[in-house]
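Participant: The following block contains the structure, expressed as structure tokens.
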Amino acid sequence: MESSTPIPKIEVKLNFKWQGLLIAIIVGLVIWAIPTPEGLSSRAWGMLALFVATIVAIIAKAMPMGAATLVALVISGLTGLTPISAKQGDVGMLSGFSNGTIWLIGIAMFLSRAVIKTGLGKRIALYFVARFGKKMMGVAYGMALADVVIGPGIPSASARGGGIMYPIMQSIADAYDSKPGPTARRAGAFLAIAVSQIDTIVCTMFLTAMAGNPLIAELAQSQGVTISWMTWFLGAIVPGIVCLIALPYFVYLIYPPELKDTPKMAEMAREELKNMGPMSQAEWILALDFILLLFLWTVGDLAFHISATVSAFIGLVILLLTNIMSWKNIVSETTAWDTMFWFAVLVMMANALNKYGAIAWISNHISSSVGSLDWPIAFSVLVLVYFYTRYFFASAMAHISAMYLAFVAAAIAVGTPPMIAAIGLGYTSTLSMSLTQYAGGPGPALFGSGYNTTGQWWGVSFVVSLLSLAIWFGVGGAWMKVLGWW
């Protein structure tokens with residue numbers, strides 16, 4: 001008898017950190033055990049307890065984000081908080097998975113893989129460094145221009161900043177023998193923080209430049225505010241451009257590199273471009289597909305009644321038919337599918353909190369603390385609290401999920417024009433990503449290079465955040481007045 005292939009043994013072990021999970025369970029049970037406050041239903045209070053426990057589990061990294069939301073999804077179904085077959089007044093357990101915004105961000109992540117796979121993103125970055133890289137400030141501005149060009153199609157700050165910009169930044173530092181330690185300030189320390197700040201600005205400029213932005217748009221919809229791709233971009237374009245010009249130079253002034261001239265870098269970039277050869281057919285198709293997508297995202301909804309999600313599907317189909325992305329590539333893009341899953345669950349839970357009255361209850365308590373102030377002052381206070389609480393979150397999605405909807409509702413309650421409240425706090429959600437090295441985006445990779453201490457990163461980033469907020473809510477506020485949003 002022929003021997004069969006032995007069945008591999010599966011090691012059974014806990015797939016979670018029990019300390020973090022225990023904290024999340026205790027927090028959830030404590031909230032649930034508290035008598036339901038006046039003005040709330042038991043269902044609303046139960047959903048709030050489950051939601052807070054889920055966010056705590058995510059913050060504590062008790063398990064992967066997708067796994068944490070899956071556990072929450074099962075509990076919400078078992079307890080009847082979100083029944084599988086929703087009736088009037090209910091929120092369906094699986095309602096988030098039919099949300100168009102979920103698919104927009106997922107497809108955009110598929111497209112971003114093509115940008116990296118074909119080398120187009122790297123080519124664009126090298127092109128701008130070659131053109132402007134003779135000075136250290138030119139290097140920073142060249143990387144900023146490259147990030148702006150590829151930003152709309154790569155909804156991941158980590159992919160852009162960590163996957164494309166970071167290796168180029170590292171090669172620049174290495175070329176001038178700038179290493180972690182005594183020579184860090186020669187080039188690497190400045191570039192690491194500058195790239196982090198630039199990536200944050202680009203994330204704030206485009207709805208599809210970061211996974212959290214479509215979630216913000218979806219949550220804003222529940223407050224009656226519609227934020228399309230074009231609306232987001234239109235509000236961000238002026239303060240975004242001012243920030244891209246001002247912030248890298250400001251970092252240069254307060255945290256200057258020892259090297260000011262970098263002629264070697266421009267030459268290295270040109271040499272690397274030469275080694276890459278001319279643009280391939282796949283890169284040309286991808287570039288044209290990218291231009292088509294930008295056209296459809298900006299005017300498609302208004303002129304042709306094509307939604308941003310349908311436009312994204314069109315772009316993906318083009319790449320699929322031309323074999324730039326195979327179906328196997330799409331199926332194996334685990335990050336996108338993972339994001340779509342937890343995104344859908346969080347949207348479902350947020351919608352349930354809003355529909356069951358929990359958000360209105362929370363926002364009333366928040367707004368009552370600033371209700372005696374005029375709305376511009378009250379809104380400014382809410383923005384500052386919302387922005388700097390980011391120090392306590394290691395995930396953009398956790399911060400947005402936990403606080404955005406309640407703060408928007410509170411801002412509207414104190415008289416802030418709804419569009420200003422929704423999009424202003426939306427921009428704030430992304431801008432706060434640059435505060436710490438763990439707040440999201442490319443920070444972990446850039447800080448992990450070892451060029452900056454925690455004190456340097458936090459100190460410089462805090463000072464820059466003051467100028468950033470002044471620009472977005474000074475220049476940006478004036479621009480939104482011109483747009484007629486308030």
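Chain identifiers are assigned as A, B, and so on, following the order in which chains appear in the structure tokens; residues are numbered from 1 within each chain, and ligands are numbered from 1 in order of appearance.
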Determine, counting only C-alpha atoms, which protein, DNA and RNA residues have an atom within 10 Å of an atom of Gln281 of chain A; residues of the same chain fewer than 5 positions away are not included. Present the result as a list in words.
Facilitator: Thr118, Leu286, Ala287 and Ile324 of chain A
Participant: Find the spatial neighbours of segment 61-76 of chain A, counting only C-alpha atoms, within a cut-off of 6 Å - ignore same-chain residues fewer than 3 positions away - and output them as a PyMOL selection string.
Facilitator: chain A and resi 16-17+20-21+57-58+79+81-82+342
Participant: Give the answer as one residue: which of A:Thr339, A:Ile291, A:Asn452, A:Lys355 has the shortest atom-to-atom distance to Lys179 of chain A, using only C-alpha atoms?
Facilitator: A:Asn452
Participant: Hey, what does DSSP flag as helix (DSSP H, G or I) within segment 252-480 of chain A? Can you give it to me as a ChimeraX atom specification?
Facilitator: /A:252-254,263-276,281-304,308-321,327-331,334-355,358-370,375-392,396-413,418-434,443-448,454-480
Participant: Kindly indicate which residue among A:Ile237, A:Met143, A:Ala246, A:Ile314 lies nearest to Asp199 of chain A, using only C-alpha atoms for the distances.
Facilitator: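 The answer is A:Met143, which sits nearest to Asp199 of chain A.
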Participant: Can you tell me, as number ranges by chain, what residues are no more than 8 Å from Gly121 of chain A when counting only C-alpha atoms, ignoring any on the same chain fewer than 6 positions away?
Facilitator: A: 115, 150, 164
Participant: Counting only C-alpha atoms, what is within 12 Å of Trp361 of chain A, bar same-chain residues fewer than 5 positions away, as a list in words?
Facilitator: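 Counting only the stated atoms, we get Thr36, Pro37, Glu38, Gly39, Leu40, Ser41, Ala44, Trp45, Leu48, Leu353, Asn354, Lys355, Tyr356, Ile366, Ser367, Ser368, Leu405, Ala406, Phe407, Ala409, Ala410 and Ala413 of chain A.
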Participant: Could you tell me how far atom CA of Gln19 of chain A lies from atom CA of Val56 of chain A, in Å and to one decimal?
Facilitator: 11.5 Å
Participant: Report as a PyMOL selection string all protein, DNA and RNA residues lying within 9 Å of Ile285 of chain A, evaluated on only C-alpha atoms, omitting residues in the same chain fewer than 5 positions from it.
Facilitator: chain A and resi 280+290+318-319+322+324
Participant: From the set A:Leu469, A:Val463, A:Ser449, A:Ile423, which residue has the shortest atom-to-atom contact distance to Leu384 of chain A, counting only C-alpha atoms?
Facilitator: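 Residue with the minimum atom-to-atom distance to Leu384 of chain A: A:Leu469.
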Participant: Atom CA of Leu215 of chain A and atom CA of Tyr386 of chain A are how many Å apart?
Facilitator: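 Between atom CA of Leu215 of chain A and atom CA of Tyr386 of chain A the gap works out to 16.5 Å.
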Participant: For Phe392 of chain A, work out the shell of residues within 9 Å, counting only C-alpha atoms and skipping chain neighbours fewer than 6 positions away, then give it as a VMD selection string.
Facilitator: chain A and resid 59 399 439
Participant: Keeping only N, CA and C atoms, take the residues you just selected and write them out as a PDB file, in the first residue's frame.
Facilitator:
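New file result_13.pdb:
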ATOM      1  N   ILE A  59      -7.246  49.289  19.662  1.00  0.00           N
ATOM      2  CA  ILE A  59      -6.170  50.120  20.202  1.00  0.00           C
ATOM      3  C   ILE A  59      -5.150  49.267  20.955  1.00  0.00           C
ATOM      4  N   HIS A 399      -9.297  56.046  15.568  1.00  0.00           N
ATOM      5  CA  HIS A 399      -9.566  57.427  15.964  1.00  0.00           C
ATOM      6  C   HIS A 399     -10.828  57.946  15.274  1.00  0.00           C
ATOM      7  N   ALA A 439       1.110  57.069  14.736  1.00  0.00           N
ATOM      8  CA  ALA A 439      -0.272  57.479  14.456  1.00  0.00           C
ATOM      9  C   ALA A 439      -0.791  56.977  13.121  1.00  0.00           C
TER      10      ALA A 439
END
Participant: Considering only C-alpha atoms, state which residue in the set A:Ala396, A:Met279, A:Ile420, A:Leu321 is at the smallest distance from Gly476 of chain A.
Facilitator: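 Counting only C-alpha atoms, the residue closest to Gly476 of chain A is A:Ile420.
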Participant: Using only C-alpha atoms, find the one residue out of A:Ile84, A:Ala478, A:Leu126, A:Leu120 that sits nearest to Leu288 of chain A.
Facilitator: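 Closest to Leu288 of chain A, using only C-alpha atoms: A:Leu120.
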Participant: From the list A:Met348, A:Ile198, A:Ala378, A:Ala421, which residue is nearest Met433 of chain A when using only C-alpha atoms?
Facilitator: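 Closest candidate: A:Ile198.
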Participant: Suppose you want the space between atom CA of Gly138 of chain A and atom CA of Asp289 of chain A; what is it in Å?
Facilitator: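 Calculated distance between atom CA of Gly138 of chain A and atom CA of Asp289 of chain A is 29.1 Å.
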Participant: Would you mind listing what lies within 12 Å of Leu29 of chain A as an NGL selection string, with only C-alpha atoms counted and same-chain residues fewer than 2 positions away left out?
Facilitator: :A and (22-27 or 31-35 or 45-54)
Participant: Save out the residues we just selected, N, CA and C atoms, as a PDB file, in the first residue's frame.
Facilitator:
ATOM      1  N   LEU A  22      -8.781  40.971  27.326  1.00  0.00           N
ATOM      2  CA  LEU A  22      -9.415  41.034  28.647  1.00  0.00           C
ATOM      3  C   LEU A  22      -9.833  42.463  28.980  1.00  0.00           C
ATOM      4  N   ILE A  23      -8.963  43.415  28.663  1.00  0.00           N
ATOM      5  CA  ILE A  23      -9.296  44.823  28.920  1.00  0.00           C
ATOM      6  C   ILE A  23     -10.530  45.227  28.119  1.00  0.00           C
ATOM      7  N   ALA A  24     -10.570  44.828  26.845  1.00  0.00           N
ATOM      8  CA  ALA A  24     -11.703  45.173  25.986  1.00  0.00           C
ATOM      9  C   ALA A  24     -12.999  44.574  26.533  1.00  0.00           C
ATOM     10  N   ILE A  25     -12.942  43.308  26.971  1.00  0.00           N
ATOM     11  CA  ILE A  25     -14.137  42.636  27.510  1.00  0.00           C
ATOM     12  C   ILE A  25     -14.620  43.322  28.782  1.00  0.00           C
ATOM     13  N   ILE A  26     -13.679  43.650  29.662  1.00  0.00           N
ATOM     14  CA  ILE A  26     -14.043  44.313  30.920  1.00  0.00           C
ATOM     15  C   ILE A  26     -14.701  45.667  30.648  1.00  0.00           C
ATOM     16  N   VAL A  27     -14.091  46.444  29.739  1.00  0.00           N
ATOM     17  CA  VAL A  27     -14.649  47.759  29.401  1.00  0.00           C
ATOM     18  C   VAL A  27     -16.065  47.617  28.854  1.00  0.00           C
ATOM     19  N   ILE A  31     -19.594  48.962  30.797  1.00  0.00           N
ATOM     20  CA  ILE A  31     -20.540  49.894  30.173  1.00  0.00           C
ATOM     21  C   ILE A  31     -21.922  49.255  30.079  1.00  0.00           C
ATOM     22  N   TRP A  32     -21.962  47.999  29.672  1.00  0.00           N
ATOM     23  CA  TRP A  32     -23.243  47.303  29.512  1.00  0.00           C
ATOM     24  C   TRP A  32     -23.962  47.154  30.849  1.00  0.00           C
ATOM     25  N   ALA A  33     -23.192  46.972  31.933  1.00  0.00           N
ATOM     26  CA  ALA A  33     -23.790  46.768  33.254  1.00  0.00           C
ATOM     27  C   ALA A  33     -24.342  48.050  33.864  1.00  0.00           C
ATOM     28  N   ILE A  34     -23.850  49.187  33.406  1.00  0.00           N
ATOM     29  CA  ILE A  34     -24.367  50.464  33.907  1.00  0.00           C
ATOM     30  C   ILE A  34     -25.812  50.625  33.445  1.00  0.00           C
ATOM     31  N   PRO A  35     -26.708  51.033  34.338  1.00  0.00           N
ATOM     32  CA  PRO A  35     -28.103  51.231  33.920  1.00  0.00           C
ATOM     33  C   PRO A  35     -28.196  52.154  32.700  1.00  0.00           C
ATOM     34  N   TRP A  45     -27.654  51.460  24.044  1.00  0.00           N
ATOM     35  CA  TRP A  45     -26.620  51.331  25.069  1.00  0.00           C
ATOM     36  C   TRP A  45     -25.793  50.061  24.862  1.00  0.00           C
ATOM     37  N   GLY A  46     -26.438  48.980  24.465  1.00  0.00           N
ATOM     38  CA  GLY A  46     -25.722  47.743  24.187  1.00  0.00           C
ATOM     39  C   GLY A  46     -24.782  47.879  23.004  1.00  0.00           C
ATOM     40  N   MET A  47     -25.242  48.559  21.947  1.00  0.00           N
ATOM     41  CA  MET A  47     -24.388  48.768  20.783  1.00  0.00           C
ATOM     42  C   MET A  47     -23.209  49.662  21.134  1.00  0.00           C
ATOM     43  N   LEU A  48     -23.450  50.667  21.986  1.00  0.00           N
ATOM     44  CA  LEU A  48     -22.351  51.541  22.408  1.00  0.00           C
ATOM     45  C   LEU A  48     -21.307  50.750  23.196  1.00  0.00           C
ATOM     46  N   ALA A  49     -21.765  49.848  24.076  1.00  0.00           N
ATOM     47  CA  ALA A  49     -20.839  49.022  24.856  1.00  0.00           C
ATOM     48  C   ALA A  49     -20.008  48.129  23.931  1.00  0.00           C
ATOM     49  N   LEU A  50     -20.654  47.533  22.940  1.00  0.00           N
ATOM     50  CA  LEU A  50     -19.950  46.661  21.997  1.00  0.00           C
ATOM     51  C   LEU A  50     -18.971  47.465  21.149  1.00  0.00           C
ATOM     52  N   PHE A  51     -19.394  48.638  20.714  1.00  0.00           N
ATOM     53  CA  PHE A  51     -18.543  49.475  19.871  1.00  0.00           C
ATOM     54  C   PHE A  51     -17.296  49.923  20.632  1.00  0.00           C
ATOM     55  N   VAL A  52     -17.477  50.405  21.862  1.00  0.00           N
ATOM     56  CA  VAL A  52     -16.332  50.853  22.658  1.00  0.00           C
ATOM     57  C   VAL A  52     -15.384  49.688  22.931  1.00  0.00           C
ATOM     58  N   ALA A  53     -15.921  48.517  23.245  1.00  0.00           N
ATOM     59  CA  ALA A  53     -15.082  47.342  23.483  1.00  0.00           C
ATOM     60  C   ALA A  53     -14.275  46.988  22.237  1.00  0.00           C
ATOM     61  N   THR A  54     -14.900  47.110  21.071  1.00  0.00           N
ATOM     62  CA  THR A  54     -14.201  46.815  19.811  1.00  0.00           C
ATOM     63  C   THR A  54     -13.056  47.786  19.574  1.00  0.00           C
TER      64      THR A  54
END
